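Below is one structure; the comments refer to it alone.
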Amino acid sequence: MSFDRYRVQSAVEIDIGCTDLAKWKSYLHKFKDYEVTDLRREKLLVELKKDASDLYFKAVLSLADVINSLVYGRHSWPVIKVYYAVFFLQRCSLATRNIAFLKNNGIYTLNLEKGEKPKRRDTGTHMGEKVSGDHKTTIVTFMSVFSDTDILLTNTINGKNIYDWLMNLRNQVNYRERTFTEPNNKYFFSSLFDKTQLKKQVEIYLNDDTSVYCFDEDHCALAAPLKLITNVRQQLFDFIDFEPIEPRKKIEIEKLISEAKLTQSEAFKNLYDFGRS
């Protein structure tokens, strides 16, 4: 099955000389010695900006889908979608710092600055567990880069940072609980299931400058992702000079949020419409 792969990954493979993905592992030595030059940086940044925009769209669409599910009283599957939105946002946020993820028999990042080489990231431990796979590796990498600047890392929920808490919640729903909990809500604030209140509650989260809702267990599942996307939206706005989401994709987002009346919310519209032609 063919699929659209991340542009930076493909660009590095071609630059190294690998045109057959099945043989990529045999290029590991060349990959580890791959060094960013001025010319490579210029070319790879173009591709990274496009990758970042795609990641951002995946995040916005995921959150819009969560909101659409809440309108109809669903709460288990939205937990999983919330987690993936956060995952996409962390990758996008790192991209705005010129950090691209690459794979070759392991997970690496490449800082697009002259002289930099791929850095292995799926190593060591985190919270007593081995760092492996895309998800733990992304969280650990994100926290190492944004430890001093991310408001969501300034407090915890039940002793866990927000990102580990959300991943644990996703694992609980997806793997540990024998069934979904519908019709009983366990994960989101009750007002989010009231069509007349949902828009208001979402806007409360979006306009919460104190981030107090993000660290409240009753609100965190949606408040924290909305705080994160608000922050990443600004990072992406500063990183690119083009509209990240094309008109036909904006229509798909608006289809999902129309029942919640969020098409009438400027605060939410700003998340997917940067106002750039």
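Ligands are numbered from 1 in the order shown, chains are lettered A, B, ... in the order of the structure tokens, and residues start at 1 in each chain.
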
Find the spatial neighbours of A:Val8, counting only C-alpha atoms, within a cut-off of 10 Å - ignore same-chain residues fewer than 2 positions away - and output them as a VMD selection string.
-> chain A and resid 5 to 6 10 to 14 43 to 51 100 to 102 110

Which neighbours of stretch 114-120 of chain A fall inside 9 Å, counting only C-alpha atoms, when residues of the same chain fewer than 6 positions from it are skipped, and could you give them as a JSON list (two decimals) with N, CA and C atoms, in the first residue's frame?
```
[["chain", "number", "residue", "atom", "x", "y", "z"],
["A", 31, "PHE", "N", 23.15, 7.60, 7.46],
["A", 31, "PHE", "CA", 22.12, 8.38, 8.13],
["A", 31, "PHE", "C", 22.66, 9.02, 9.41],
["A", 32, "LYS", "N", 23.35, 8.25, 10.21],
["A", 32, "LYS", "CA", 23.88, 8.78, 11.47],
["A", 32, "LYS", "C", 24.91, 9.88, 11.23],
["A", 33, "ASP", "N", 25.61, 9.82, 10.08],
["A", 33, "ASP", "CA", 26.61, 10.83, 9.76],
["A", 33, "ASP", "C", 26.05, 12.01, 8.96],
["A", 34, "TYR", "N", 24.76, 11.96, 8.68],
["A", 34, "TYR", "CA", 24.12, 13.02, 7.90],
["A", 34, "TYR", "C", 24.21, 14.34, 8.67],
["A", 35, "GLU", "N", 24.74, 15.36, 8.02],
["A", 35, "GLU", "CA", 24.97, 16.64, 8.69],
["A", 35, "GLU", "C", 24.25, 17.77, 7.95],
["A", 36, "VAL", "N", 23.63, 18.63, 8.72],
["A", 36, "VAL", "CA", 22.90, 19.75, 8.14],
["A", 36, "VAL", "C", 23.89, 20.81, 7.65],
["A", 37, "THR", "N", 23.78, 21.14, 6.39],
["A", 37, "THR", "CA", 24.54, 22.23, 5.80],
["A", 37, "THR", "C", 23.59, 23.39, 5.54],
["A", 38, "ASP", "N", 24.12, 24.51, 5.13],
["A", 38, "ASP", "CA", 23.25, 25.65, 4.83],
["A", 38, "ASP", "C", 22.25, 25.30, 3.74],
["A", 40, "ARG", "N", 21.21, 22.23, 2.77],
["A", 40, "ARG", "CA", 20.26, 21.23, 3.26],
["A", 40, "ARG", "C", 19.24, 21.86, 4.20],
["A", 41, "ARG", "N", 19.69, 22.75, 5.05],
["A", 41, "ARG", "CA", 18.78, 23.41, 5.98],
["A", 41, "ARG", "C", 17.69, 24.16, 5.23],
["A", 101, "PHE", "N", 11.31, 14.81, 13.09],
["A", 101, "PHE", "CA", 11.46, 13.41, 13.49],
["A", 101, "PHE", "C", 11.82, 12.57, 12.26],
["A", 102, "LEU", "N", 12.75, 11.65, 12.47],
["A", 102, "LEU", "CA", 13.19, 10.75, 11.41],
["A", 102, "LEU", "C", 13.29, 9.34, 11.97],
["A", 106, "GLY", "N", 15.08, 2.99, 14.54],
["A", 106, "GLY", "CA", 15.01, 3.76, 15.77],
["A", 106, "GLY", "C", 14.38, 5.10, 15.46],
["A", 107, "ILE", "N", 14.09, 5.86, 16.49],
["A", 107, "ILE", "CA", 13.46, 7.17, 16.31],
["A", 107, "ILE", "C", 14.47, 8.26, 16.63],
["A", 108, "TYR", "N", 14.64, 9.18, 15.71],
["A", 108, "TYR", "CA", 15.63, 10.24, 15.82],
["A", 108, "TYR", "C", 14.95, 11.59, 15.62]]
```

Kindly indicate which residue among A:Phe193, A:Phe87, A:Phe242, A:Tyr175 lies nearest to A:Tyr163, using only C-alpha atoms for the distances.
-> A:Phe87

Closest to A:Asn104 among A:Lys58, A:His126, A:His75, A:His29, using only C-alpha atoms?
-> A:His29

Counting only C-alpha atoms, what is within 9 Å of A:Asn105, bar same-chain residues fewer than 6 positions away, as number ranges by chain?
-> A: 24-25, 28

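Using only C-alpha atoms, the contacts of A:Asn68 at a cut-off of 9 Å, with sequence neighbours closer than 3 positions omitted, comprise A:Leu63, A:Ala64, A:Asp65, A:Val71, A:Tyr72, A:Arg74, A:Lys255, A:Leu256, A:Ile257, A:Ser258, A:Glu259, A:Ala260.
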
Take the selection from the previous step and output its residues with N, CA and C atoms, as a compact mmCIF listing (two decimals), in the first residue's frame.
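The resulting out-v3.txt:
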```
# COMPACT_ATOMS: atom_id res chain seq x y z
N LEU A 63 -9.77 17.36 17.16
CA LEU A 63 -10.50 18.06 18.22
C LEU A 63 -11.92 18.41 17.78
N ALA A 64 -12.07 18.77 16.51
CA ALA A 64 -13.42 19.03 15.99
C ALA A 64 -14.27 17.77 16.05
N ASP A 65 -13.64 16.64 15.77
CA ASP A 65 -14.34 15.36 15.83
C ASP A 65 -14.72 15.01 17.27
N VAL A 71 -21.39 16.28 21.29
CA VAL A 71 -22.75 16.75 20.97
C VAL A 71 -23.73 15.58 21.04
N TYR A 72 -23.28 14.41 20.61
CA TYR A 72 -24.16 13.24 20.55
C TYR A 72 -23.99 12.33 21.76
N ARG A 74 -21.29 11.04 23.23
CA ARG A 74 -20.25 10.00 23.25
C ARG A 74 -19.03 10.54 24.00
N LYS A 255 -18.02 21.27 9.32
CA LYS A 255 -19.10 20.27 9.36
C LYS A 255 -19.17 19.62 10.74
N LEU A 256 -18.01 19.40 11.33
CA LEU A 256 -17.95 18.70 12.62
C LEU A 256 -18.35 19.59 13.79
N ILE A 257 -18.15 20.89 13.68
CA ILE A 257 -18.42 21.78 14.80
C ILE A 257 -19.74 22.54 14.66
N SER A 258 -20.45 22.33 13.56
CA SER A 258 -21.66 23.12 13.31
C SER A 258 -22.75 22.84 14.33
N GLU A 259 -22.93 21.59 14.73
CA GLU A 259 -23.98 21.25 15.70
C GLU A 259 -23.72 21.91 17.05
N ALA A 260 -22.45 22.12 17.37
CA ALA A 260 -22.09 22.76 18.65
C ALA A 260 -22.12 24.29 18.54
```

Identify, on the basis of only C-alpha atoms, every residue whose closest approach to A:Pro78 does not exceed 8 Å; exclude the query and any residue fewer than 5 positions from it along the same chain; express the result as a ChimeraX atom specification.
-> /A:65-66,69-70

Grab the residues selected above and save them as a PDB file, in the first residue's frame with C-alpha atoms.
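File produced: result_28.pdb:
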```pdb
ATOM      1  CA  ASP A  65     -14.341  15.358  15.829  1.00  0.00           C
ATOM      2  CA  VAL A  66     -14.172  15.155  19.631  1.00  0.00           C
ATOM      3  CA  SER A  69     -18.933  13.294  19.420  1.00  0.00           C
ATOM      4  CA  LEU A  70     -19.705  15.182  22.634  1.00  0.00           C
TER       5      LEU A  70
END
```

Pick out the residues sitting within 10 Å of A:Asn158, and hand them over as a count of residues only; count only C-alpha atoms, and ignore anything fewer than 6 positions along from it in its own chain.
-> 4

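Separating atom CA of A:Val202 from atom CA of A:Glu254 is a distance of 15.1 Å.
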
Extract, using only C-alpha atoms, all DNA, RNA and protein residues at most 7 Å from stretch 236-240 of chain A, discarding same-chain residues fewer than 3 positions from it, and format them as a PyMOL selection string.
-> chain A and resi 49+96+232-233

Quick check for you: according to DSSP on this backbone, which residues of stretch 78-142 of chain A are classed as helix (DSSP H, G or I)? Reply as a PDB file with N, CA and C atoms, in the first residue's frame.
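The resulting file, states.pdb, is reproduced below:
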```pdb
ATOM      1  N   PRO A  78     -13.892   9.715  22.203  1.00  0.00           N
ATOM      2  CA  PRO A  78     -13.285  11.047  22.201  1.00  0.00           C
ATOM      3  C   PRO A  78     -12.015  11.158  23.044  1.00  0.00           C
ATOM      4  N   VAL A  79     -11.916  10.391  24.128  1.00  0.00           N
ATOM      5  CA  VAL A  79     -10.693  10.399  24.935  1.00  0.00           C
ATOM      6  C   VAL A  79      -9.494  10.008  24.081  1.00  0.00           C
ATOM      7  N   ILE A  80      -9.679   9.013  23.249  1.00  0.00           N
ATOM      8  CA  ILE A  80      -8.594   8.526  22.400  1.00  0.00           C
ATOM      9  C   ILE A  80      -8.250   9.568  21.341  1.00  0.00           C
ATOM     10  N   LYS A  81      -9.281  10.207  20.778  1.00  0.00           N
ATOM     11  CA  LYS A  81      -9.046  11.251  19.773  1.00  0.00           C
ATOM     12  C   LYS A  81      -8.354  12.464  20.381  1.00  0.00           C
ATOM     13  N   VAL A  82      -8.717  12.811  21.617  1.00  0.00           N
ATOM     14  CA  VAL A  82      -8.054  13.908  22.317  1.00  0.00           C
ATOM     15  C   VAL A  82      -6.562  13.623  22.447  1.00  0.00           C
ATOM     16  N   TYR A  83      -6.241  12.410  22.836  1.00  0.00           N
ATOM     17  CA  TYR A  83      -4.830  12.055  23.013  1.00  0.00           C
ATOM     18  C   TYR A  83      -4.073  12.198  21.695  1.00  0.00           C
ATOM     19  N   TYR A  84      -4.658  11.722  20.599  1.00  0.00           N
ATOM     20  CA  TYR A  84      -3.965  11.818  19.312  1.00  0.00           C
ATOM     21  C   TYR A  84      -3.817  13.261  18.864  1.00  0.00           C
ATOM     22  N   ALA A  85      -4.801  14.102  19.173  1.00  0.00           N
ATOM     23  CA  ALA A  85      -4.661  15.520  18.857  1.00  0.00           C
ATOM     24  C   ALA A  85      -3.452  16.102  19.569  1.00  0.00           C
ATOM     25  N   VAL A  86      -3.266  15.738  20.831  1.00  0.00           N
ATOM     26  CA  VAL A  86      -2.112  16.213  21.600  1.00  0.00           C
ATOM     27  C   VAL A  86      -0.811  15.704  20.990  1.00  0.00           C
ATOM     28  N   PHE A  87      -0.796  14.453  20.577  1.00  0.00           N
ATOM     29  CA  PHE A  87       0.384  13.871  19.930  1.00  0.00           C
ATOM     30  C   PHE A  87       0.756  14.651  18.672  1.00  0.00           C
ATOM     31  N   PHE A  88      -0.236  14.937  17.823  1.00  0.00           N
ATOM     32  CA  PHE A  88       0.031  15.698  16.600  1.00  0.00           C
ATOM     33  C   PHE A  88       0.515  17.111  16.930  1.00  0.00           C
ATOM     34  N   LEU A  89      -0.058  17.719  17.959  1.00  0.00           N
ATOM     35  CA  LEU A  89       0.334  19.075  18.339  1.00  0.00           C
ATOM     36  C   LEU A  89       1.756  19.118  18.876  1.00  0.00           C
ATOM     37  N   GLN A  90       2.152  18.106  19.617  1.00  0.00           N
ATOM     38  CA  GLN A  90       3.531  18.073  20.115  1.00  0.00           C
ATOM     39  C   GLN A  90       4.520  17.965  18.957  1.00  0.00           C
ATOM     40  N   ARG A  91       4.211  17.140  17.984  1.00  0.00           N
ATOM     41  CA  ARG A  91       5.084  17.015  16.814  1.00  0.00           C
ATOM     42  C   ARG A  91       5.132  18.339  16.036  1.00  0.00           C
ATOM     43  N   CYS A  92       3.966  18.978  15.897  1.00  0.00           N
ATOM     44  CA  CYS A  92       3.899  20.258  15.195  1.00  0.00           C
ATOM     45  C   CYS A  92       4.701  21.316  15.949  1.00  0.00           C
ATOM     46  N   SER A  93       4.532  21.360  17.258  1.00  0.00           N
ATOM     47  CA  SER A  93       5.231  22.341  18.080  1.00  0.00           C
ATOM     48  C   SER A  93       6.742  22.178  17.963  1.00  0.00           C
ATOM     49  N   LEU A  94       7.211  20.954  17.984  1.00  0.00           N
ATOM     50  CA  LEU A  94       8.647  20.695  17.836  1.00  0.00           C
ATOM     51  C   LEU A  94       9.131  21.136  16.457  1.00  0.00           C
ATOM     52  N   ALA A  95       8.284  20.946  15.443  1.00  0.00           N
ATOM     53  CA  ALA A  95       8.659  21.388  14.100  1.00  0.00           C
ATOM     54  C   ALA A  95       8.881  22.894  14.053  1.00  0.00           C
ATOM     55  N   GLY A 133       8.790   3.596  21.048  1.00  0.00           N
ATOM     56  CA  GLY A 133       7.597   3.893  20.269  1.00  0.00           C
ATOM     57  C   GLY A 133       7.409   5.385  20.055  1.00  0.00           C
ATOM     58  N   ASP A 134       6.563   5.724  19.096  1.00  0.00           N
ATOM     59  CA  ASP A 134       6.349   7.119  18.732  1.00  0.00           C
ATOM     60  C   ASP A 134       5.802   7.963  19.872  1.00  0.00           C
ATOM     61  N   HIS A 135       4.913   7.396  20.669  1.00  0.00           N
ATOM     62  CA  HIS A 135       4.184   8.210  21.629  1.00  0.00           C
ATOM     63  C   HIS A 135       5.025   8.606  22.835  1.00  0.00           C
ATOM     64  N   LYS A 136       5.618   7.654  23.502  1.00  0.00           N
ATOM     65  CA  LYS A 136       6.479   7.999  24.640  1.00  0.00           C
ATOM     66  C   LYS A 136       7.664   8.830  24.185  1.00  0.00           C
ATOM     67  N   THR A 137       8.209   8.487  23.029  1.00  0.00           N
ATOM     68  CA  THR A 137       9.372   9.227  22.529  1.00  0.00           C
ATOM     69  C   THR A 137       9.001  10.679  22.257  1.00  0.00           C
ATOM     70  N   THR A 138       7.826  10.894  21.702  1.00  0.00           N
ATOM     71  CA  THR A 138       7.389  12.264  21.416  1.00  0.00           C
ATOM     72  C   THR A 138       7.184  13.048  22.703  1.00  0.00           C
ATOM     73  N   ILE A 139       6.510  12.452  23.689  1.00  0.00           N
ATOM     74  CA  ILE A 139       6.272  13.146  24.956  1.00  0.00           C
ATOM     75  C   ILE A 139       7.588  13.521  25.621  1.00  0.00           C
ATOM     76  N   VAL A 140       8.509  12.576  25.706  1.00  0.00           N
ATOM     77  CA  VAL A 140       9.789  12.828  26.375  1.00  0.00           C
ATOM     78  C   VAL A 140      10.585  13.899  25.635  1.00  0.00           C
ATOM     79  N   THR A 141      10.584  13.827  24.316  1.00  0.00           N
ATOM     80  CA  THR A 141      11.297  14.831  23.523  1.00  0.00           C
ATOM     81  C   THR A 141      10.674  16.202  23.702  1.00  0.00           C
ATOM     82  N   PHE A 142       9.352  16.251  23.626  1.00  0.00           N
ATOM     83  CA  PHE A 142       8.644  17.521  23.782  1.00  0.00           C
ATOM     84  C   PHE A 142       8.947  18.143  25.146  1.00  0.00           C
TER      85      PHE A 142
END
```

Pull the strand (DSSP E) assignments for stretch 15-258 of chain A out of DSSP run on the backbone, and list those residues as a ChimeraX atom specification.
-> /A:99-103,107-111,119-120,125-126,129-130,156-157,160-161

How would the residues just chosen look if you wrote them out with N, CA and C atoms as an mmCIF file, in the first residue's frame?
```
data_model
loop_
_atom_site.group_PDB
_atom_site.id
_atom_site.type_symbol
_atom_site.label_atom_id
_atom_site.label_comp_id
_atom_site.auth_asym_id
_atom_site.auth_seq_id
_atom_site.Cartn_x
_atom_site.Cartn_y
_atom_site.Cartn_z
ATOM 1 N N ILE A 99 12.738 21.220 14.594
ATOM 2 C CA ILE A 99 13.074 19.850 14.969
ATOM 3 C C ILE A 99 12.178 18.882 14.199
ATOM 4 N N ALA A 100 12.808 18.043 13.394
ATOM 5 C CA ALA A 100 12.079 17.054 12.595
ATOM 6 C C ALA A 100 12.329 15.659 13.157
ATOM 7 N N PHE A 101 11.305 14.807 13.090
ATOM 8 C CA PHE A 101 11.461 13.406 13.487
ATOM 9 C C PHE A 101 11.820 12.572 12.264
ATOM 10 N N LEU A 102 12.754 11.654 12.474
ATOM 11 C CA LEU A 102 13.192 10.752 11.413
ATOM 12 C C LEU A 102 13.286 9.338 11.973
ATOM 13 N N LYS A 103 13.187 8.357 11.098
ATOM 14 C CA LYS A 103 13.303 6.968 11.526
ATOM 15 C C LYS A 103 14.314 6.216 10.675
ATOM 16 N N ILE A 107 14.090 5.862 16.494
ATOM 17 C CA ILE A 107 13.460 7.174 16.314
ATOM 18 C C ILE A 107 14.473 8.261 16.634
ATOM 19 N N TYR A 108 14.643 9.176 15.706
ATOM 20 C CA TYR A 108 15.634 10.239 15.823
ATOM 21 C C TYR A 108 14.953 11.593 15.620
ATOM 22 N N THR A 109 15.628 12.626 16.095
ATOM 23 C CA THR A 109 15.259 13.978 15.691
ATOM 24 C C THR A 109 16.452 14.602 14.986
ATOM 25 N N LEU A 110 16.145 15.527 14.098
ATOM 26 C CA LEU A 110 17.188 16.286 13.422
ATOM 27 C C LEU A 110 16.865 17.757 13.603
ATOM 28 N N ASN A 111 17.729 18.452 14.309
ATOM 29 C CA ASN A 111 17.588 19.894 14.493
ATOM 30 C C ASN A 111 18.141 20.572 13.245
ATOM 31 N N LYS A 119 19.761 12.690 16.136
ATOM 32 C CA LYS A 119 19.929 12.352 17.555
ATOM 33 C C LYS A 119 18.913 11.281 17.938
ATOM 34 N N ARG A 120 19.407 10.148 18.460
ATOM 35 C CA ARG A 120 18.511 9.050 18.852
ATOM 36 C C ARG A 120 17.665 9.479 20.049
ATOM 37 N N THR A 125 14.774 5.846 30.132
ATOM 38 C CA THR A 125 13.495 5.564 30.768
ATOM 39 C C THR A 125 12.765 6.864 31.100
ATOM 40 N N HIS A 126 11.461 6.729 31.278
ATOM 41 C CA HIS A 126 10.619 7.865 31.675
ATOM 42 C C HIS A 126 9.515 7.323 32.562
ATOM 43 N N GLU A 129 9.542 3.622 33.027
ATOM 44 C CA GLU A 129 9.323 2.742 31.879
ATOM 45 C C GLU A 129 10.281 3.095 30.750
ATOM 46 N N LYS A 130 10.616 2.096 29.946
ATOM 47 C CA LYS A 130 11.521 2.299 28.831
ATOM 48 C C LYS A 130 10.888 3.252 27.812
ATOM 49 N N THR A 156 0.624 19.506 37.893
ATOM 50 C CA THR A 156 0.331 18.097 37.638
ATOM 51 C C THR A 156 -1.116 17.773 37.984
ATOM 52 N N ILE A 157 -1.536 16.582 37.565
ATOM 53 C CA ILE A 157 -2.830 16.019 37.963
ATOM 54 C C ILE A 157 -2.558 14.646 38.572
ATOM 55 N N LYS A 160 0.908 13.356 38.068
ATOM 56 C CA LYS A 160 1.423 13.168 36.710
ATOM 57 C C LYS A 160 1.366 14.482 35.949
ATOM 58 N N ASN A 161 2.366 14.710 35.088
ATOM 59 C CA ASN A 161 2.241 15.864 34.199
ATOM 60 C C ASN A 161 1.078 15.599 33.246
#
```

Rank A:Lys23, A:Lys200, A:Arg248, A:Arg170 by their smallest atom-to-atom distance to A:Tyr187, using only C-alpha atoms, and report the top residue only.
->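 Of A:Lys23, A:Lys200, A:Arg248, A:Arg170, the one nearest A:Tyr187, counting only C-alpha atoms, is A:Arg170.
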